[in-house]
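Scroll down for the structure; my scribbles are underneath it.
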Amino acid sequence: MAYQIDSSCIGCGACASECPTSCIAEDGGVFKVNEAECIECGSCANVCPVGAPKLA
Ligand code: SF4
Ligand code: SF4
């Protein structure tokens with residue numbers, strides 16, 4: 001299990017700044033989670049203005 005960022009991402013970068021393991025990175029204008037390093041803390045989902053990060 002890990003958080004994944006869905007297609008509603010608007011590329012604001014707020015989640016990447018909050019991620020404690022720095023496992024979120026920009027990729028072509030949107031942001032993606034390196035699932036191997038996600039500890040499922042939920043910080044990305046808490047700060048995202050559009051609710052794009054979801055536990056999957
Ligand atoms: Fe990073 Fe936590 Fe989001 Fe996983 S749940 S991507 S560790 S902020
Ligand atoms: Fe995308 Fe939400 Fe992260 Fe902003 S906070 S980059 S909208 S997933």
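Ordered as shown in the structure tokens, chains take letters A, B, and onward, while each chain numbers its residues from 1 and ligands are numbered from 1 in the order shown.
Every protein, DNA or RNA residue with an atom at most 8 Å from A:Val30, where only C-alpha atoms count and chain neighbours fewer than 6 positions away do not, is listed here: Cys9, Ile10 and Gly11 of chain A.
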Quiz item: Residues within 7 Å of ligand 1 (only C-alpha atoms and all ligand atoms), as a PyMOL selection string?
Solution: chain A and resi 2-3+15+18-24+33+37-45
Residues from the last selection, N, CA, C and O atoms, saved as a compact mmCIF listing (two decimals), in the first residue's frame:
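The new file selection03.txt reads:
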# COMPACT_ATOMS: atom_id res chain seq x y z
N ALA A 2 0.39 2.26 -0.69
CA ALA A 2 1.09 3.54 -0.76
C ALA A 2 0.09 4.56 -1.29
O ALA A 2 -0.93 4.19 -1.86
N TYR A 3 0.40 5.81 -1.06
CA TYR A 3 -0.42 6.85 -1.66
C TYR A 3 -0.04 6.99 -3.13
O TYR A 3 1.13 6.85 -3.50
N CYS A 15 2.45 19.03 -1.84
CA CYS A 15 2.65 17.70 -1.26
C CYS A 15 4.13 17.35 -1.16
O CYS A 15 4.58 16.79 -0.16
N GLU A 18 5.79 18.71 1.85
CA GLU A 18 5.36 18.15 3.14
C GLU A 18 5.80 16.71 3.35
O GLU A 18 5.82 16.23 4.48
N CYS A 19 6.14 16.01 2.31
CA CYS A 19 6.42 14.57 2.43
C CYS A 19 7.68 14.32 3.28
O CYS A 19 8.76 14.79 2.93
N PRO A 20 7.55 13.57 4.39
CA PRO A 20 8.69 13.37 5.30
C PRO A 20 9.78 12.48 4.71
O PRO A 20 10.92 12.51 5.19
N THR A 21 9.46 11.71 3.70
CA THR A 21 10.48 10.85 3.10
C THR A 21 10.93 11.37 1.73
O THR A 21 11.68 10.68 1.02
N SER A 22 10.46 12.56 1.36
CA SER A 22 10.84 13.17 0.08
C SER A 22 10.62 12.21 -1.09
O SER A 22 11.45 12.13 -2.00
N CYS A 23 9.50 11.51 -1.05
CA CYS A 23 9.25 10.52 -2.10
C CYS A 23 8.27 11.02 -3.16
O CYS A 23 7.80 10.23 -3.98
N ILE A 24 7.96 12.33 -3.15
CA ILE A 24 7.10 12.89 -4.19
C ILE A 24 7.93 13.80 -5.07
O ILE A 24 8.64 14.67 -4.58
N VAL A 33 4.25 9.83 -6.72
CA VAL A 33 4.81 9.24 -5.51
C VAL A 33 5.70 8.05 -5.89
O VAL A 33 5.31 7.19 -6.67
N GLU A 37 8.92 4.20 -1.26
CA GLU A 37 9.39 4.99 -0.11
C GLU A 37 8.26 5.64 0.67
O GLU A 37 8.50 6.29 1.69
N CYS A 38 7.03 5.46 0.23
CA CYS A 38 5.88 6.06 0.92
C CYS A 38 5.60 5.31 2.22
O CYS A 38 5.49 4.09 2.22
N ILE A 39 5.48 6.07 3.33
CA ILE A 39 5.18 5.45 4.63
C ILE A 39 3.71 5.66 5.01
O ILE A 39 3.32 5.42 6.14
N GLU A 40 2.90 6.11 4.05
CA GLU A 40 1.46 6.25 4.24
C GLU A 40 1.11 7.20 5.38
O GLU A 40 0.15 6.96 6.12
N CYS A 41 1.85 8.28 5.52
CA CYS A 41 1.59 9.21 6.62
C CYS A 41 0.36 10.07 6.36
O CYS A 41 -0.25 10.60 7.28
N GLY A 42 0.01 10.26 5.08
CA GLY A 42 -1.17 11.05 4.74
C GLY A 42 -0.94 12.55 4.64
O GLY A 42 -1.87 13.29 4.35
N SER A 43 0.28 13.01 4.87
CA SER A 43 0.55 14.45 4.83
C SER A 43 0.25 15.04 3.47
O SER A 43 -0.26 16.16 3.36
N CYS A 44 0.54 14.32 2.42
CA CYS A 44 0.29 14.82 1.06
C CYS A 44 -1.20 15.04 0.85
O CYS A 44 -1.61 16.08 0.31
N ALA A 45 -2.00 14.10 1.28
CA ALA A 45 -3.44 14.23 1.12
C ALA A 45 -3.98 15.40 1.94
O ALA A 45 -4.90 16.10 1.51
Exercise. Output as an MDAnalysis selection string all residues of chain A that backbone DSSP marks as helix (DSSP H, G or I).
Key: chainID A and resid 14:18 35:37 43:47
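Using only C-alpha atoms and all ligand atoms for every distance, the candidate list A:Cys48, A:Ala36, A:Ala56, A:Ala25 yields A:Cys48 as the residue closest to ligand 2.
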Quiz prompt | Every residue of chain A that DSSP places in strand (DSSP E), as a PyMOL selection string | solution = chain A and resi 3-5+24-27+30-33+53-55
Could you write out that same residue set with N, CA, C and O atoms as a PDB file, in the first residue's frame?
ATOM      1  N   TYR A   3       0.401   5.813  -1.056  1.00  0.00           N
ATOM      2  CA  TYR A   3      -0.421   6.854  -1.663  1.00  0.00           C
ATOM      3  C   TYR A   3      -0.040   6.995  -3.129  1.00  0.00           C
ATOM      4  O   TYR A   3       1.133   6.850  -3.505  1.00  0.00           O
ATOM      5  N   GLN A   4      -1.039   7.281  -3.950  1.00  0.00           N
ATOM      6  CA  GLN A   4      -0.822   7.574  -5.354  1.00  0.00           C
ATOM      7  C   GLN A   4      -1.542   8.877  -5.667  1.00  0.00           C
ATOM      8  O   GLN A   4      -2.583   9.162  -5.082  1.00  0.00           O
ATOM      9  N   ILE A   5      -0.979   9.634  -6.592  1.00  0.00           N
ATOM     10  CA  ILE A   5      -1.565  10.916  -6.981  1.00  0.00           C
ATOM     11  C   ILE A   5      -2.352  10.725  -8.269  1.00  0.00           C
ATOM     12  O   ILE A   5      -1.800  10.267  -9.269  1.00  0.00           O
ATOM     13  N   ILE A  24       7.964  12.332  -3.154  1.00  0.00           N
ATOM     14  CA  ILE A  24       7.096  12.888  -4.188  1.00  0.00           C
ATOM     15  C   ILE A  24       7.933  13.801  -5.075  1.00  0.00           C
ATOM     16  O   ILE A  24       8.642  14.673  -4.577  1.00  0.00           O
ATOM     17  N   ALA A  25       7.839  13.589  -6.378  1.00  0.00           N
ATOM     18  CA  ALA A  25       8.633  14.382  -7.316  1.00  0.00           C
ATOM     19  C   ALA A  25       7.799  14.786  -8.513  1.00  0.00           C
ATOM     20  O   ALA A  25       6.844  14.101  -8.896  1.00  0.00           O
ATOM     21  N   GLU A  26       8.167  15.916  -9.130  1.00  0.00           N
ATOM     22  CA  GLU A  26       7.503  16.397 -10.328  1.00  0.00           C
ATOM     23  C   GLU A  26       7.864  15.508 -11.511  1.00  0.00           C
ATOM     24  O   GLU A  26       8.992  15.045 -11.643  1.00  0.00           O
ATOM     25  N   ASP A  27       6.870  15.284 -12.346  1.00  0.00           N
ATOM     26  CA  ASP A  27       7.081  14.447 -13.530  1.00  0.00           C
ATOM     27  C   ASP A  27       6.158  14.956 -14.635  1.00  0.00           C
ATOM     28  O   ASP A  27       4.983  14.646 -14.653  1.00  0.00           O
ATOM     29  N   VAL A  30       3.018  17.261 -13.459  1.00  0.00           N
ATOM     30  CA  VAL A  30       2.246  16.751 -12.326  1.00  0.00           C
ATOM     31  C   VAL A  30       3.226  16.094 -11.356  1.00  0.00           C
ATOM     32  O   VAL A  30       4.419  16.002 -11.638  1.00  0.00           O
ATOM     33  N   PHE A  31       2.727  15.659 -10.217  1.00  0.00           N
ATOM     34  CA  PHE A  31       3.599  15.070  -9.216  1.00  0.00           C
ATOM     35  C   PHE A  31       3.249  13.605  -9.010  1.00  0.00           C
ATOM     36  O   PHE A  31       2.100  13.218  -9.098  1.00  0.00           O
ATOM     37  N   LYS A  32       4.299  12.814  -8.728  1.00  0.00           N
ATOM     38  CA  LYS A  32       4.100  11.377  -8.560  1.00  0.00           C
ATOM     39  C   LYS A  32       4.802  10.895  -7.304  1.00  0.00           C
ATOM     40  O   LYS A  32       5.823  11.443  -6.887  1.00  0.00           O
ATOM     41  N   VAL A  33       4.249   9.830  -6.720  1.00  0.00           N
ATOM     42  CA  VAL A  33       4.815   9.237  -5.508  1.00  0.00           C
ATOM     43  C   VAL A  33       5.705   8.054  -5.886  1.00  0.00           C
ATOM     44  O   VAL A  33       5.307   7.193  -6.675  1.00  0.00           O
ATOM     45  N   PRO A  53      -3.993  13.006  -3.858  1.00  0.00           N
ATOM     46  CA  PRO A  53      -3.333  11.806  -3.305  1.00  0.00           C
ATOM     47  C   PRO A  53      -4.356  10.890  -2.624  1.00  0.00           C
ATOM     48  O   PRO A  53      -5.131  11.334  -1.775  1.00  0.00           O
ATOM     49  N   LYS A  54      -4.308   9.630  -3.013  1.00  0.00           N
ATOM     50  CA  LYS A  54      -5.247   8.670  -2.440  1.00  0.00           C
ATOM     51  C   LYS A  54      -4.506   7.398  -2.077  1.00  0.00           C
ATOM     52  O   LYS A  54      -3.559   7.007  -2.761  1.00  0.00           O
ATOM     53  N   LEU A  55      -4.941   6.761  -0.995  1.00  0.00           N
ATOM     54  CA  LEU A  55      -4.344   5.495  -0.584  1.00  0.00           C
ATOM     55  C   LEU A  55      -4.801   4.404  -1.561  1.00  0.00           C
ATOM     56  O   LEU A  55      -5.993   4.218  -1.765  1.00  0.00           O
TER      57      LEU A  55
END
Quiz prompt | Coordinates-based distance that separates atom CA of A:Ser7 from atom 3 (Fe, counted along the ligand's line) of ligand 2 (Å, one decimal) | solution = 10.7 Å
Self-check item: Atom-to-atom span, atom CA of A:Glu35 and atom CA of A:Pro49, Å
Solution: 20.9 Å
Quiz item: What does the distance between atom CA of A:Gly13 and atom CA of A:Asn34 come to in Å, to one decimal place?
Solution: 14.7 Å
